[in-house]
Amino acid sequence: MIRALGIAAIAALVALLMLGRWVSAGLAPADPDAAETLPFRVERGEGLAGITERLEQDGLVPNARIAFAWGRFVGIAARLRAGDYDLSAAAAPAEILEALTTGQQRTYPLTIPEGFTAGMIADRIAAEGLGDADAFSEAVADPSLARSLGLEVDHLEGYLFPETYQVPKGLDAPELVRLLVQQFLDIWPALAPKAAARGLSQHQVVTLASIVEKETGAAHERPLIASVFSNRLDRGMKLESDPTTIYGIPNFDGNLRRVHLDDASNPYNTYQIPALPPGPIASPGRASLLAVVEPAESEFLFFVSRNDGTHIFSKSYREHVNAVNRYQRRASR
């Protein structure tokens, strides 16, 4: 009897040791020597069981059942976050499961060029597979979102800062908008004192900088372009900017006509309104924002394209007409 009990105890101990080794192996890295990471996506609403099974299939954990049991024990299931991750088989399953809760997701580059409109940004986000264009546009036009960011505007056109971002897939549209606007908010404090010195509000700076951005083909001309618009505003002259007028034309076909220039119902038609338009027409970059708060010192009131990306600047209307005749009317013949 005693001998039988001893044998049973030994067997139980051996089983326990084997179980311990099995669990220990299941909680060890699947490949301690793995040098590269592997992409892994967690879908919205996906459960821990399905995730651990796929982790084993991808060679990222040695045993799905043990990984699942561990995840249940430490409460991983309730903290999982959808998205794309870069995972290493050299990490222990506990580390891998924890990584899926931290939001340290795999990211993708999103480049917003200077001068892009909110609509163009929405289209690029959709084309890169990083979000829905309509949802992004709705967030941009949400006044409550703008207020939550400290901006007293009804639409965030112009505040979506042009930059290259690293963006995870699955980011909600409002979060993505916040990411782009925050970049503007980060650089604004350095510009604010210069804007105040010129008597310009934040919205006026962004609006004027967006026009400078759309009018400028050569980067070094930004301060001069800004000086022309500043001089015209100081004199109560109309800005007479084609890009602003075009922005206010629904379904613009690429041909700016006289009827468009005469349309007083277009609030962005600066051939008709003697002031800035109601808001920005695109996203200005840092250089254009700086050009508005630090324009060149000039007496220029006009500029015309040389058709090579640069402009001829003029102080008088007569000089301007001569430049137009030289560079525009001859080119059209």
# chains A, B, ... in the order shown; residues from 1 in each chain; ligands from 1
call {"tool": "select_by_dssp", "arguments": {"residues": "range 110-314 of chain A", "states": "alpha helix (DSSP H)", "output": "PyMOL selection string"}}
result
chain A and resi 118-127+133-140+143-148+173-197+202-215+222-234+242-247+258-261+286-293
call {"tool": "residues_around", "arguments": {"residues": "Asp132 in chain A", "least_positions_apart": "4", "cutoff": "9 Å", "atoms": "only C-alpha atoms", "output": "PyMOL selection string"}}
result
chain A and resi 122-123+125-126+136-137+173
call {"tool": "residues_around", "arguments": {"residues": "Asn322 in chain A", "least_positions_apart": "4", "cutoff": "12 Å", "atoms": "only C-alpha atoms", "output": "PyMOL selection string"}}
result
chain A and resi 302-304+312-318+326-330
call {"tool": "write_last_selection", "arguments": {"atoms": "C-alpha atoms", "output": "compact mmCIF listing (two decimals), in the first residue's frame"}}
result
# COMPACT_ATOMS: atom_id res chain seq x y z
CA PHE A 302 1.57 93.20 -58.33
CA PHE A 303 3.22 90.06 -59.65
CA VAL A 304 2.88 88.02 -62.79
CA ILE A 312 7.99 89.50 -62.05
CA PHE A 313 7.09 91.93 -59.25
CA SER A 314 5.88 95.46 -59.92
CA LYS A 315 5.25 98.57 -57.85
CA SER A 316 2.76 100.21 -60.24
CA TYR A 317 -0.07 99.09 -62.43
CA ARG A 318 1.74 100.38 -65.53
CA ARG A 326 5.77 90.53 -71.98
CA TYR A 327 5.24 87.22 -70.19
CA GLN A 328 1.57 86.35 -70.57
CA ARG A 329 0.05 87.83 -73.69
CA ARG A 330 3.05 87.00 -75.86
call {"tool": "residues_around", "arguments": {"residues": "Phe116 in chain A", "least_positions_apart": "6", "cutoff": "12 Å", "atoms": "only C-alpha atoms", "output": "count of residues only"}}
result
21
call {"tool": "residues_around", "arguments": {"residues": "range 265-270 of chain A", "least_positions_apart": "5", "cutoff": "10 Å", "atoms": "only C-alpha atoms", "output": "ChimeraX atom specification"}}
result
/A:237-250,260,275-281
call {"tool": "write_last_selection", "arguments": {"atoms": "N, CA and C atoms", "output": "CSV table (one decimal), in the first residue's frame"}}
result
chain,number,residue,atom,x,y,z
A,237,MET,N,-6.7,97.4,-51.0
A,237,MET,CA,-6.9,96.8,-52.4
A,237,MET,C,-7.4,95.4,-52.3
A,238,LYS,N,-8.0,95.0,-53.4
A,238,LYS,CA,-8.4,93.6,-53.5
A,238,LYS,C,-7.2,92.7,-53.7
A,239,LEU,N,-7.2,91.5,-53.2
A,239,LEU,CA,-6.1,90.6,-53.4
A,239,LEU,C,-6.0,90.1,-54.9
A,240,GLU,N,-7.1,89.9,-55.5
A,240,GLU,CA,-7.2,89.4,-56.9
A,240,GLU,C,-6.4,88.2,-57.1
A,241,SER,N,-6.7,87.2,-56.3
A,241,SER,CA,-5.9,85.9,-56.4
A,241,SER,C,-6.8,84.9,-57.1
A,242,ASP,N,-6.2,84.3,-58.1
A,242,ASP,CA,-6.9,83.2,-58.8
A,242,ASP,C,-7.2,82.0,-57.9
A,243,PRO,N,-6.2,81.5,-57.2
A,243,PRO,CA,-6.4,80.3,-56.3
A,243,PRO,C,-7.6,80.5,-55.4
A,244,THR,N,-7.7,81.6,-54.8
A,244,THR,CA,-8.9,81.8,-53.8
A,244,THR,C,-10.2,81.7,-54.6
A,245,THR,N,-10.2,82.3,-55.7
A,245,THR,CA,-11.5,82.3,-56.5
A,245,THR,C,-11.8,80.9,-56.9
A,246,ILE,N,-10.8,80.2,-57.4
A,246,ILE,CA,-11.0,78.8,-57.9
A,246,ILE,C,-11.5,77.9,-56.7
A,247,TYR,N,-11.0,78.2,-55.5
A,247,TYR,CA,-11.4,77.4,-54.3
A,247,TYR,C,-12.9,77.5,-54.1
A,248,GLY,N,-13.5,78.6,-54.4
A,248,GLY,CA,-14.9,78.8,-54.1
A,248,GLY,C,-15.8,78.5,-55.3
A,249,ILE,N,-15.3,77.9,-56.3
A,249,ILE,CA,-16.1,77.5,-57.5
A,249,ILE,C,-16.4,76.0,-57.4
A,250,PRO,N,-17.6,75.6,-57.2
A,250,PRO,CA,-18.0,74.1,-57.1
A,250,PRO,C,-17.6,73.5,-58.5
A,260,HIS,N,-16.5,83.9,-63.7
A,260,HIS,CA,-16.1,83.5,-62.4
A,260,HIS,C,-15.5,84.7,-61.6
A,275,ALA,N,-10.9,92.1,-49.1
A,275,ALA,CA,-10.3,91.6,-47.9
A,275,ALA,C,-9.9,90.1,-48.1
A,276,LEU,N,-9.4,89.5,-47.0
A,276,LEU,CA,-9.1,88.1,-47.0
A,276,LEU,C,-10.4,87.3,-47.2
A,277,PRO,N,-10.3,86.1,-47.8
A,277,PRO,CA,-11.5,85.2,-47.9
A,277,PRO,C,-11.8,84.7,-46.5
A,278,PRO,N,-13.0,84.1,-46.3
A,278,PRO,CA,-13.4,83.6,-45.0
A,278,PRO,C,-12.5,82.7,-44.3
A,279,GLY,N,-11.7,81.9,-45.0
A,279,GLY,CA,-10.8,81.0,-44.4
A,279,GLY,C,-9.7,80.5,-45.3
A,280,PRO,N,-8.8,79.6,-44.9
A,280,PRO,CA,-7.8,79.1,-45.7
A,280,PRO,C,-8.3,78.3,-46.9
A,281,ILE,N,-7.5,78.2,-47.9
A,281,ILE,CA,-7.8,77.5,-49.1
A,281,ILE,C,-7.0,76.2,-49.3
call {"tool": "atom_distance", "arguments": {"atom1": "CA of Leu110 in chain A", "atom2": "CA of Asp84 in chain A"}}
result
15.1 Å
call {"tool": "closest_residue", "arguments": {"among": "A:Val212, A:Leu149, A:Leu233, A:Val42", "to": "Ala99 in chain A", "atoms": "only C-alpha atoms"}}
result
A:Val42
call {"tool": "closest_residue", "arguments": {"among": "A:Ala35, A:Val74, A:Ala92, A:Val292", "to": "Gly199 in chain A", "atoms": "only C-alpha atoms"}}
result
A:Val292
call {"tool": "closest_residue", "arguments": {"among": "A:Ala91, A:Leu38, A:Pro274, A:Ala78", "to": "Arg235 in chain A", "atoms": "only C-alpha atoms"}}
result
A:Pro274
call {"tool": "residues_around", "arguments": {"residues": "Gly217 in chain A", "least_positions_apart": "2", "cutoff": "8 Å", "atoms": "only C-alpha atoms", "output": "PDB file with C-alpha atoms, in the first residue's frame"}}
result
ATOM      1  CA  LYS A 214      -0.904  78.273 -53.696  1.00  0.00           C
ATOM      2  CA  GLU A 215       0.568  81.288 -55.492  1.00  0.00           C
ATOM      3  CA  ALA A 219      10.231  78.713 -52.494  1.00  0.00           C
ATOM      4  CA  GLU A 221       9.653  84.023 -53.448  1.00  0.00           C
ATOM      5  CA  GLY A 309       7.638  79.009 -61.656  1.00  0.00           C
ATOM      6  CA  THR A 310       8.987  82.473 -60.807  1.00  0.00           C
TER       7      THR A 310
END
call {"tool": "residues_around", "arguments": {"residues": "Arg44 in chain A", "least_positions_apart": "4", "cutoff": "10 Å", "atoms": "only C-alpha atoms", "output": "PyMOL selection string"}}
result
chain A and resi 80-83+170
call {"tool": "closest_residue", "arguments": {"among": "A:Val167, A:Ala69, A:Met120, A:Leu179", "to": "Asp134 in chain A", "atoms": "only C-alpha atoms"}}
result
A:Met120
call {"tool": "closest_residue", "arguments": {"among": "A:Leu208, A:Val140, A:Val177, A:Leu290", "to": "Phe229 in chain A", "atoms": "only C-alpha atoms"}}
result
A:Leu208
call {"tool": "select_by_dssp", "arguments": {"residues": "range 80-292 of chain A", "states": "strand (DSSP E or B)", "output": "PyMOL selection string"}}
result
chain A and resi 83-87+107-111+164-168
call {"tool": "decode", "arguments": {"residues": "range 263-329 of chain A", "atoms": "C-alpha atoms", "output": "tab-separated table (two decimals), in the first residue's frame"}}
result
chain	number	residue	atom	x	y	z
A	263	ASP	CA	-19.26	86.39	-59.45
A	264	ALA	CA	-19.86	88.39	-56.26
A	265	SER	CA	-21.70	85.46	-54.67
A	266	ASN	CA	-18.44	83.51	-54.33
A	267	PRO	CA	-17.14	84.40	-50.84
A	268	TYR	CA	-13.63	83.36	-51.92
A	269	ASN	CA	-13.62	85.61	-55.00
A	270	THR	CA	-10.91	88.10	-54.07
A	271	TYR	CA	-11.54	89.93	-57.33
A	272	GLN	CA	-14.76	91.08	-55.69
A	273	ILE	CA	-14.16	91.14	-51.90
A	274	PRO	CA	-11.72	93.79	-50.60
A	275	ALA	CA	-10.31	91.57	-47.87
A	276	LEU	CA	-9.11	88.10	-47.01
A	277	PRO	CA	-11.47	85.25	-47.90
A	278	PRO	CA	-13.40	83.63	-45.01
A	279	GLY	CA	-10.76	80.98	-44.40
A	280	PRO	CA	-7.75	79.08	-45.70
A	281	ILE	CA	-7.84	77.47	-49.13
A	282	ALA	CA	-5.18	74.79	-48.48
A	283	SER	CA	-2.62	73.63	-45.94
A	284	PRO	CA	0.33	76.03	-45.78
A	285	GLY	CA	3.74	74.81	-44.72
A	286	ARG	CA	6.06	76.35	-42.16
A	287	ALA	CA	7.84	78.52	-44.76
A	288	SER	CA	4.61	80.14	-45.96
A	289	LEU	CA	3.40	80.72	-42.40
A	290	LEU	CA	6.72	82.35	-41.57
A	291	ALA	CA	6.60	84.46	-44.75
A	292	VAL	CA	3.26	85.94	-43.66
A	293	VAL	CA	4.50	86.97	-40.21
A	294	GLU	CA	7.90	88.04	-41.61
A	295	PRO	CA	7.21	89.29	-45.17
A	296	ALA	CA	9.90	90.91	-47.24
A	297	GLU	CA	10.20	94.70	-47.06
A	298	SER	CA	8.93	95.87	-50.43
A	299	GLU	CA	6.67	98.33	-52.21
A	300	PHE	CA	5.42	95.72	-54.67
A	301	LEU	CA	1.69	95.58	-55.36
A	302	PHE	CA	1.57	93.20	-58.33
A	303	PHE	CA	3.22	90.06	-59.65
A	304	VAL	CA	2.88	88.02	-62.79
A	305	SER	CA	4.26	84.60	-63.69
A	306	ARG	CA	7.29	84.24	-65.92
A	307	ASN	CA	5.91	80.81	-66.86
A	308	ASP	CA	8.87	79.08	-65.25
A	309	GLY	CA	7.64	79.01	-61.66
A	310	THR	CA	8.99	82.47	-60.81
A	311	HIS	CA	7.37	85.91	-60.99
A	312	ILE	CA	7.99	89.50	-62.05
A	313	PHE	CA	7.09	91.93	-59.25
A	314	SER	CA	5.88	95.46	-59.92
A	315	LYS	CA	5.25	98.57	-57.85
A	316	SER	CA	2.76	100.21	-60.24
A	317	TYR	CA	-0.07	99.09	-62.43
A	318	ARG	CA	1.74	100.38	-65.53
A	319	GLU	CA	4.79	98.23	-64.73
A	320	HIS	CA	2.46	95.30	-64.14
A	321	VAL	CA	0.70	95.73	-67.49
A	322	ASN	CA	4.07	95.79	-69.24
A	323	ALA	CA	5.09	92.59	-67.45
A	324	VAL	CA	1.78	90.92	-68.37
A	325	ASN	CA	2.26	91.92	-72.02
A	326	ARG	CA	5.77	90.53	-71.98
A	327	TYR	CA	5.24	87.22	-70.19
A	328	GLN	CA	1.57	86.35	-70.57
A	329	ARG	CA	0.05	87.83	-73.69
